[in-house]
$ cat data-v9.cif   # mmCIF, C-alpha atoms
data_input
#
loop_
_atom_site.label_atom_id
_atom_site.label_comp_id
_atom_site.auth_asym_id
_atom_site.auth_seq_id
_atom_site.Cartn_x
_atom_site.Cartn_y
_atom_site.Cartn_z
CA MET D 558 18.28 35.09 2.98
CA GLU D 559 19.83 31.87 1.70
CA SER D 560 17.87 29.66 -0.68
CA GLU D 561 17.88 26.87 1.92
CA THR D 562 16.07 29.12 4.41
CA TRP D 563 13.44 29.95 1.80
CA LEU D 564 13.02 26.26 1.11
CA LYS D 565 12.46 25.62 4.83
CA ILE D 566 9.91 28.44 5.01
CA GLY D 567 8.18 27.06 1.90
CA TRP D 568 7.90 23.55 3.40
CA ALA D 569 6.66 24.97 6.71
CA LEU D 570 3.96 26.97 4.89
CA ALA D 571 2.92 23.96 2.80
CA LEU D 572 2.67 21.75 5.91
CA GLY D 573 0.83 24.55 7.74
CA ALA D 574 -1.71 24.66 4.90
CA MET D 575 -2.05 20.88 5.17
CA LEU D 576 -2.79 21.30 8.88
CA ILE D 577 -5.60 23.78 8.12
CA PHE D 578 -7.05 21.20 5.70
CA LEU D 579 -6.68 18.29 8.13
CA LEU D 580 -8.10 19.91 11.30
CA PRO D 581 -11.80 20.07 10.30
CA ARG D 582 -11.57 16.56 8.77
CA ALA D 583 -10.05 15.15 11.94
CA SER D 584 -12.71 16.82 14.07
CA TYR D 585 -15.48 15.39 11.83
CA MET D 586 -13.95 11.91 11.81
CA LEU D 587 -13.44 11.90 15.60
CA LYS D 588 -17.12 12.72 16.08
CA ASN D 589 -18.45 10.33 13.45
CA SER D 590 -16.13 7.29 13.57
CA PRO D 591 -17.79 4.20 15.03
CA ARG D 592 -16.47 2.89 18.34
CA ALA D 593 -14.08 -0.07 18.23
CA GLY D 594 -15.66 -3.43 19.03
CA LYS D 595 -14.15 -6.35 20.88
CA GLY D 596 -11.00 -7.56 19.15
CA ASP D 597 -10.90 -4.65 16.69
CA TRP D 598 -7.69 -3.13 18.07
CA GLY D 599 -6.02 -6.53 18.21
CA ALA D 600 -6.82 -7.00 14.53
CA VAL D 601 -4.97 -3.75 13.79
CA LEU D 602 -2.07 -3.98 16.22
CA ILE D 603 -0.91 -7.42 15.00
CA PRO D 604 -0.36 -6.38 11.33
CA LEU D 605 1.15 -3.03 12.40
CA THR D 606 3.63 -4.82 14.66
CA LEU D 607 4.56 -7.05 11.72
CA VAL D 608 5.06 -3.94 9.56
CA MET D 609 7.49 -2.55 12.14
CA LEU D 610 9.28 -5.90 12.17
CA VAL D 611 9.63 -5.79 8.37
CA VAL D 612 11.04 -2.24 8.61
CA VAL D 613 13.60 -3.34 11.22
CA LEU D 614 14.59 -6.31 9.02
CA LEU D 615 15.02 -3.99 6.01
CA ILE D 616 17.21 -1.65 8.06
CA VAL D 617 19.36 -4.60 9.16
CA ALA D 618 19.55 -5.89 5.56
CA VAL D 619 20.79 -2.58 4.09
CA MET N 709 -41.18 -14.08 0.56
CA GLN N 710 -41.34 -11.26 -1.92
CA THR N 711 -39.01 -9.22 0.29
CA ASN N 712 -36.50 -12.08 0.30
CA TYR N 713 -36.52 -12.35 -3.49
CA GLN N 714 -35.95 -8.60 -3.70
CA THR N 715 -33.17 -8.59 -1.12
CA LEU N 716 -31.07 -11.35 -2.67
CA PRO N 717 -30.38 -9.63 -6.00
CA GLN N 718 -29.77 -6.34 -4.17
CA THR N 719 -27.08 -7.96 -2.02
CA GLY N 720 -25.57 -9.50 -5.14
CA GLU N 721 -25.60 -6.15 -6.89
CA LEU N 722 -23.87 -4.53 -3.92
CA ALA N 723 -21.18 -7.20 -3.98
CA GLN N 724 -20.78 -6.64 -7.73
CA VAL N 725 -20.39 -2.88 -7.17
CA ARG N 726 -17.75 -3.49 -4.47
CA ASN N 727 -15.83 -5.91 -6.67
CA LYS N 728 -15.94 -3.42 -9.52
CA VAL N 729 -14.67 -0.59 -7.30
CA LEU N 730 -11.89 -2.85 -6.00
CA LYS N 731 -10.88 -3.98 -9.51
CA ASN N 732 -10.92 -0.44 -10.91
CA THR N 733 -9.00 0.91 -7.92
CA TYR N 734 -6.17 -1.62 -8.24
CA ALA N 735 -6.02 -1.21 -12.03
CA LEU N 736 -5.82 2.58 -11.73
CA LEU N 737 -3.33 2.32 -8.86
CA ALA N 738 -1.06 0.10 -10.97
CA MET N 739 -1.23 2.55 -13.89
CA THR N 740 -0.57 5.60 -11.70
CA LEU N 741 2.38 3.88 -10.02
CA LEU N 742 3.89 3.14 -13.43
CA PHE N 743 3.26 6.73 -14.53
CA SER N 744 4.79 8.01 -11.29
CA ALA N 745 7.87 5.82 -11.85
CA LEU N 746 8.12 7.22 -15.40
CA THR N 747 8.00 10.87 -14.27
CA ALA N 748 10.49 10.07 -11.48
CA GLY N 749 12.77 8.55 -14.12
CA VAL N 750 12.47 11.66 -16.31
CA SER N 751 13.22 13.81 -13.25
CA ILE N 752 16.34 11.74 -12.45
CA VAL N 753 17.63 12.31 -16.00
CA ILE N 754 16.77 16.04 -16.09
CA ASN N 755 18.03 16.51 -12.50
CA PRO N 756 15.94 19.58 -11.60
CA PRO N 757 16.87 21.80 -8.63
CA TYR N 758 16.14 20.58 -5.09
CA PHE N 759 13.14 22.90 -4.56
CA THR N 760 11.26 20.97 -7.30
CA GLY N 761 9.94 18.61 -4.62
CA LEU N 762 8.33 21.52 -2.77
CA VAL N 763 6.73 23.00 -5.90
CA THR N 764 5.35 19.67 -7.15
CA SER N 765 4.05 18.78 -3.67
CA ILE N 766 2.19 22.12 -3.39
CA LEU N 767 0.70 21.66 -6.88
CA ALA N 768 -0.33 18.08 -6.07
CA MET N 769 -1.92 19.21 -2.77
CA LEU N 770 -3.89 21.92 -4.62
CA LEU N 771 -5.11 19.34 -7.15
CA ILE N 772 -6.16 16.96 -4.34
CA TRP N 773 -7.90 19.61 -2.22
CA ILE N 774 -9.48 21.85 -4.84
CA VAL N 775 -9.77 20.08 -8.22
CA LEU N 776 -10.25 16.41 -7.28
CA PRO N 777 -13.41 16.82 -5.13
CA ARG N 778 -15.07 18.59 -8.08
CA THR N 779 -13.99 16.10 -10.74
CA ALA N 780 -13.94 12.75 -8.90
CA ASN N 781 -17.25 11.67 -10.45
CA SER N 782 -16.25 12.44 -14.04
CA ALA N 783 -13.64 11.31 -16.57
CA THR N 784 -11.67 14.50 -15.80
CA GLY N 785 -10.96 12.95 -12.40
CA LEU N 786 -8.76 10.36 -14.12
CA ALA N 787 -6.61 13.12 -15.63
CA VAL N 788 -6.38 14.76 -12.20
CA VAL N 789 -5.20 11.48 -10.61
CA PHE N 790 -2.48 11.14 -13.26
CA GLY N 791 -1.60 14.80 -12.70
CA VAL N 792 -1.22 14.27 -8.95
CA THR N 793 0.80 11.06 -9.23
CA GLY N 794 2.93 12.42 -12.08
CA LEU N 795 3.79 15.55 -10.09
CA LEU N 796 4.64 13.61 -6.93
CA GLY N 797 6.79 11.19 -8.94
CA PHE N 798 8.61 14.05 -10.65
CA GLY N 799 9.23 15.71 -7.28
CA LEU N 800 11.04 12.57 -6.09
CA GLY N 801 13.75 13.00 -8.75
CA PRO N 802 16.17 15.22 -6.79
CA VAL N 803 15.84 13.01 -3.66
CA LEU N 804 16.49 9.85 -5.70
CA ASN N 805 19.45 11.54 -7.42
CA SER N 806 20.99 12.40 -4.04
CA PHE N 807 20.72 8.70 -3.12
CA LEU N 808 22.10 7.55 -6.47
CA ASN N 809 25.18 9.70 -5.89
CA THR N 810 26.10 7.64 -2.79
CA ALA N 811 27.91 4.27 -2.74
CA ASN N 812 24.91 1.99 -1.98
CA GLY N 813 22.19 4.47 -2.97
CA SER N 814 20.63 2.31 -5.68
CA HIS N 815 20.53 -0.64 -3.22
CA ILE N 816 18.72 1.57 -0.67
CA ILE N 817 16.19 2.75 -3.29
CA MET N 818 15.46 -0.81 -4.43
CA THR N 819 15.13 -2.02 -0.81
CA ALA N 820 12.71 0.83 -0.02
CA LEU N 821 10.72 0.02 -3.17
CA GLY N 822 10.57 -3.70 -2.33
CA GLY N 823 9.68 -2.98 1.30
CA THR N 824 6.86 -0.64 0.27
CA GLY N 825 5.48 -3.26 -2.12
CA LEU N 826 5.69 -6.00 0.51
CA ILE N 827 3.93 -3.88 3.18
CA PHE N 828 1.19 -2.83 0.75
CA LEU N 829 0.53 -6.34 -0.60
CA ALA N 830 0.51 -7.93 2.87
CA LEU N 831 -1.81 -5.32 4.40
CA SER N 832 -4.15 -5.35 1.38
CA ALA N 833 -4.34 -9.15 1.44
CA TYR N 834 -5.07 -9.02 5.19
CA ALA N 835 -7.84 -6.41 4.81
CA LEU N 836 -9.36 -8.25 1.83
CA THR N 837 -9.41 -11.66 3.52
CA THR N 838 -10.62 -10.56 6.97
CA LYS N 839 -13.24 -8.20 5.39
CA ARG N 840 -13.14 -6.39 8.73
CA ASP N 841 -14.48 -2.85 9.09
CA PHE N 842 -11.55 -0.63 10.10
CA SER N 843 -13.56 2.60 10.08
CA PHE N 844 -13.19 2.92 13.88
CA MET N 845 -9.56 3.96 13.23
CA GLY N 846 -10.50 7.02 11.17
CA GLY N 847 -10.42 9.63 13.94
CA MET N 848 -7.24 8.24 15.50
CA LEU N 849 -5.44 8.16 12.14
CA MET N 850 -6.35 11.78 11.43
CA VAL N 851 -5.21 12.91 14.90
CA GLY N 852 -1.98 10.99 14.30
CA MET N 853 -1.52 12.81 10.99
CA ILE N 854 -1.98 16.19 12.68
CA VAL N 855 0.59 15.34 15.37
CA VAL N 856 3.05 14.19 12.67
CA VAL N 857 2.55 17.35 10.58
CA ILE N 858 3.13 19.57 13.66
CA ALA N 859 6.27 17.57 14.53
CA ALA N 860 7.46 17.82 10.90
CA ILE N 861 6.99 21.62 10.89
CA ALA N 862 8.96 21.88 14.14
CA ASN N 863 11.72 19.63 12.79
CA ILE N 864 12.18 21.74 9.66
CA PHE N 865 13.76 24.35 11.93
CA LEU N 866 15.01 22.14 14.80
CA ALA N 867 16.67 19.60 12.44
CA MET N 868 16.87 16.89 15.13
CA PRO N 869 17.91 13.51 13.61
CA ALA N 870 16.12 11.54 16.37
CA LEU N 871 12.86 13.40 15.73
CA SER N 872 13.30 12.86 11.99
CA LEU N 873 13.64 9.09 12.56
CA THR N 874 10.61 9.04 14.86
CA ILE N 875 8.51 10.96 12.32
CA SER N 876 9.47 8.52 9.53
CA ALA N 877 8.63 5.48 11.69
CA VAL N 878 5.29 6.96 12.80
CA VAL N 879 4.40 7.89 9.19
CA ILE N 880 4.98 4.27 8.10
CA LEU N 881 2.67 3.05 10.89
CA LEU N 882 0.02 5.68 10.13
CA MET N 883 0.07 4.98 6.38
CA SER N 884 -0.14 1.23 7.07
CA GLY N 885 -3.22 2.03 9.16
CA PHE N 886 -4.63 4.08 6.28
CA ILE N 887 -4.12 1.13 3.88
CA LEU N 888 -6.20 -1.08 6.20
CA TYR N 889 -8.76 1.70 6.68
CA ASP N 890 -9.13 2.51 2.95
CA THR N 891 -9.19 -1.12 1.82
CA GLY N 892 -11.72 -1.94 4.55
CA ARG N 893 -13.89 0.96 3.35
CA ILE N 894 -13.88 -0.38 -0.23
CA VAL N 895 -14.63 -3.95 0.90
CA ASN N 896 -17.48 -2.84 3.18
CA GLY N 897 -19.03 -0.43 0.66
CA GLY N 898 -17.95 2.79 2.44
CA GLU N 899 -16.03 3.98 -0.63
CA THR N 900 -17.68 3.61 -4.03
CA ASN N 901 -15.54 6.09 -5.97
CA TYR N 902 -12.48 4.30 -7.34
CA ILE N 903 -10.74 7.58 -8.24
CA LEU N 904 -10.79 8.79 -4.62
CA ALA N 905 -9.87 5.30 -3.38
CA THR N 906 -6.87 5.22 -5.75
CA VAL N 907 -5.60 8.62 -4.59
CA SER N 908 -5.87 7.57 -0.91
CA LEU N 909 -3.98 4.31 -1.48
CA TYR N 910 -1.39 6.03 -3.71
CA LEU N 911 -0.67 8.65 -1.03
CA SER N 912 -0.20 5.90 1.58
CA LEU N 913 2.22 4.04 -0.72
CA TYR N 914 4.09 7.25 -1.60
CA ASN N 915 4.51 8.25 2.06
CA ILE N 916 5.65 4.75 3.08
CA PHE N 917 8.23 4.75 0.27
CA VAL N 918 9.58 8.22 1.15
CA SER N 919 9.72 7.45 4.90
CA LEU N 920 11.34 4.06 4.32
CA LEU N 921 13.87 5.72 2.01
CA GLN N 922 14.69 8.21 4.75
CA LEU N 923 15.04 5.52 7.43
CA LEU N 924 17.20 3.27 5.24
CA GLY N 925 19.21 6.29 4.11
CA ILE N 926 20.05 7.25 7.70
CA PHE N 927 20.87 3.74 8.87
CA GLY N 928 22.31 2.27 5.70
CA ASN N 929 24.47 5.02 4.21
CA ASP N 930 28.19 4.61 4.78
CA ASP N 931 28.99 8.06 3.31
#

$ encode --input "data-v9.cif" --output "structure tokens"
Amino acid sequence: MESETWLKIGWALALGAMLIFLLPRASYMLKNSPRAGKGDWGAVLIPLTLVMLVVVLLIVAV
Amino acid sequence: MQTNYQTLPQTGELAQVRNKVLKNTYALLAMTLLFSALTAGVSIVINPPYFTGLVTSILAMLLIWIVLPRTANSATGLAVVFGVTGLLGFGLGPVLNSFLNTANGSHIIMTALGGTGLIFLALSAYALTTKRDFSFMGGMLMVGMIVVVIAAIANIFLAMPALSLTISAVVILLMSGFILYDTGRIVNGGETNYILATVSLYLSLYNIFVSLLQLLGIFGNDD
């Protein structure tokens, strides 16, 4: 097999291992995270929209 | 009355602990970023083979998953943090070299670096001033990470440019969310270990930089 194929297999295995590590954490956090209060999502969505705007501006600038 | 007198110093002590964690986290983050830049610079000069990124990423993941949880409360944890950040910086060398070999590669790298810094500073300032608790996002961020990792595994073999762009954009959003989440945890006393806090923030910064580099590379490269 070509070295590029081995590299792809290596990355897939590394990401697969990451998935095994993330799954129990995600399950724990889903069960134990507090529920969002009034206005909580708005307080997150506004800065994240601005981040996307910055990214678009950077793409246009390059 | 006695309870009140006892509560006041305790609240002050808690605030002191939080400020100390915050100060130590940002100091360590600054040092690890400089160290990471140094190892990336060495890697650019040495120009190691392309699979270096894979090897250093696996080693860094092993350090984060196995060694760091056991050493985070000791001075050894500091060495582990520098090990992780040094390895990840070194692994960036071949990617940065491939950009430097293009016409406006250095411009793209500097733009990605500036953009990452701007996003991090703005989000940190926002989380520090609002002092809001962003812990409600934890589950959603982790589910988002799992979806992204599955999509990334699929795209290794599918090699779809549109999916690659989507993954990069979603990673930037997720890592921005993690910056708010982690900073909010420090501010609200949910994270008292500055070594763990530094690693979380470093990984968010690293992933934003790499994703931004990929996005700018696709859109901005004339080659």

$ resolve_selection --input "data-v9.cif" --expression "the PyMOL selection byres ((chain N) within 8 of (chain D))" --output "PyMOL selection string"
chain N and resi 759+762+766+815-816+819+823+827+831+842-848+850-851+854+857-858+860-861+864-865+881+884-885+920+923-924+927-928

$ residues_around --input "data-v9.cif" --residues "N:Ser919" --least-positions-apart "5" --cutoff "10 Å" --atoms "only C-alpha atoms" --output "PyMOL selection string"
chain N and resi 820+824+872-873+875-880+913-914+924-925

$ atom_distance --input "data-v9.cif" --atom1 "atom CA of D:Gly599" --atom2 "atom CA of N:Leu888"
13.2 Å

$ atom_distance --input "data-v9.cif" --atom1 "atom CA of N:Gly794" --atom2 "atom CA of N:Pro777"
18.3 Å

$ resolve_selection --input "data-v9.cif" --expression "the PyMOL selection byres ((chain N and resi 768) around 8)" --output "list in words"
Thr764, Ser765, Ile766, Leu767, Met769, Leu770, Leu771, Ile772, Gly791, Val792, Thr793, Leu795 and Leu796 of chain N

$ atom_distance --input "data-v9.cif" --atom1 "atom CA of N:Leu741" --atom2 "atom CA of N:Met818"
15.0 Å

$ closest_residue --input "data-v9.cif" --among "N:Asn727, N:Asn805, N:Gln922, N:Thr784" --to "N:Gly897" --atoms "all atoms listed in the file"
N:Asn727

$ closest_residue --input "data-v9.cif" --among "N:Gly797, N:Asp841, N:Thr760, N:Leu871" --to "N:Gly898" --atoms "all atoms listed in the file"
N:Asp841

$ residues_near_point --input "data-v9.cif" --point "(-8.3, 10.7, -7.4)" --cutoff "8 Å" --atoms "all atoms listed in the file" --output "short mmCIF file (atom, residue, chain, number, x, y, z; two decimals) with C-alpha atoms, in the frame of the given file"
data_model
loop_
_atom_site.label_atom_id
_atom_site.label_comp_id
_atom_site.auth_asym_id
_atom_site.auth_seq_id
_atom_site.Cartn_x
_atom_site.Cartn_y
_atom_site.Cartn_z
CA ILE N 772 -6.16 16.96 -4.34
CA LEU N 776 -10.25 16.41 -7.28
CA ALA N 780 -13.94 12.75 -8.90
CA GLY N 785 -10.96 12.95 -12.40
CA LEU N 786 -8.76 10.36 -14.12
CA VAL N 788 -6.38 14.76 -12.20
CA VAL N 789 -5.20 11.48 -10.61
CA TYR N 902 -12.48 4.30 -7.34
CA ILE N 903 -10.74 7.58 -8.24
CA LEU N 904 -10.79 8.79 -4.62
CA ALA N 905 -9.87 5.30 -3.38
CA THR N 906 -6.87 5.22 -5.75
CA VAL N 907 -5.60 8.62 -4.59
CA SER N 908 -5.87 7.57 -0.91
#

$ closest_residue --input "data-v9.cif" --among "N:Tyr910, N:Tyr758, N:Tyr834, N:Tyr889" --to "N:Phe798" --atoms "all atoms listed in the file"
N:Tyr758

$ resolve_selection --input "data-v9.cif" --expression "the PyMOL selection byres ((chain N and resi 900) around 12)" --output "JSON, numbers by chain"
{"N": [722, 723, 724, 725, 726, 727, 728, 729, 730, 731, 732, 733, 780, 781, 890, 891, 892, 893, 894, 895, 896, 897, 898, 899, 901, 902, 903, 904, 905, 906]}

$ write_last_selection --input "data-v9.cif" --atoms "C-alpha atoms" --output "PDB file, in the coordinates of the input"
ATOM      1  CA  LEU N 722     -23.870  -4.530  -3.920  1.00  0.00           C
ATOM      2  CA  ALA N 723     -21.180  -7.200  -3.980  1.00  0.00           C
ATOM      3  CA  GLN N 724     -20.780  -6.640  -7.730  1.00  0.00           C
ATOM      4  CA  VAL N 725     -20.390  -2.880  -7.170  1.00  0.00           C
ATOM      5  CA  ARG N 726     -17.750  -3.490  -4.470  1.00  0.00           C
ATOM      6  CA  ASN N 727     -15.830  -5.910  -6.670  1.00  0.00           C
ATOM      7  CA  LYS N 728     -15.940  -3.420  -9.520  1.00  0.00           C
ATOM      8  CA  VAL N 729     -14.670  -0.590  -7.300  1.00  0.00           C
ATOM      9  CA  LEU N 730     -11.890  -2.850  -6.000  1.00  0.00           C
ATOM     10  CA  LYS N 731     -10.880  -3.980  -9.510  1.00  0.00           C
ATOM     11  CA  ASN N 732     -10.920  -0.440 -10.910  1.00  0.00           C
ATOM     12  CA  THR N 733      -9.000   0.910  -7.920  1.00  0.00           C
ATOM     13  CA  ALA N 780     -13.940  12.750  -8.900  1.00  0.00           C
ATOM     14  CA  ASN N 781     -17.250  11.670 -10.450  1.00  0.00           C
ATOM     15  CA  ASP N 890      -9.130   2.510   2.950  1.00  0.00           C
ATOM     16  CA  THR N 891      -9.190  -1.120   1.820  1.00  0.00           C
ATOM     17  CA  GLY N 892     -11.720  -1.940   4.550  1.00  0.00           C
ATOM     18  CA  ARG N 893     -13.890   0.960   3.350  1.00  0.00           C
ATOM     19  CA  ILE N 894     -13.880  -0.380  -0.230  1.00  0.00           C
ATOM     20  CA  VAL N 895     -14.630  -3.950   0.900  1.00  0.00           C
ATOM     21  CA  ASN N 896     -17.480  -2.840   3.180  1.00  0.00           C
ATOM     22  CA  GLY N 897     -19.030  -0.430   0.660  1.00  0.00           C
ATOM     23  CA  GLY N 898     -17.950   2.790   2.440  1.00  0.00           C
ATOM     24  CA  GLU N 899     -16.030   3.980  -0.630  1.00  0.00           C
ATOM     25  CA  ASN N 901     -15.540   6.090  -5.970  1.00  0.00           C
ATOM     26  CA  TYR N 902     -12.480   4.300  -7.340  1.00  0.00           C
ATOM     27  CA  ILE N 903     -10.740   7.580  -8.240  1.00  0.00           C
ATOM     28  CA  LEU N 904     -10.790   8.790  -4.620  1.00  0.00           C
ATOM     29  CA  ALA N 905      -9.870   5.300  -3.380  1.00  0.00           C
ATOM     30  CA  THR N 906      -6.870   5.220  -5.750  1.00  0.00           C
TER      31      THR N 906
END

$ residues_around --input "data-v9.cif" --residues "N:Val753" --least-positions-apart "5" --cutoff "10 Å" --atoms "all atoms listed in the file" --output "list in words"
Thr747, Ala748, Gly801, Pro802 and Asn805 of chain N
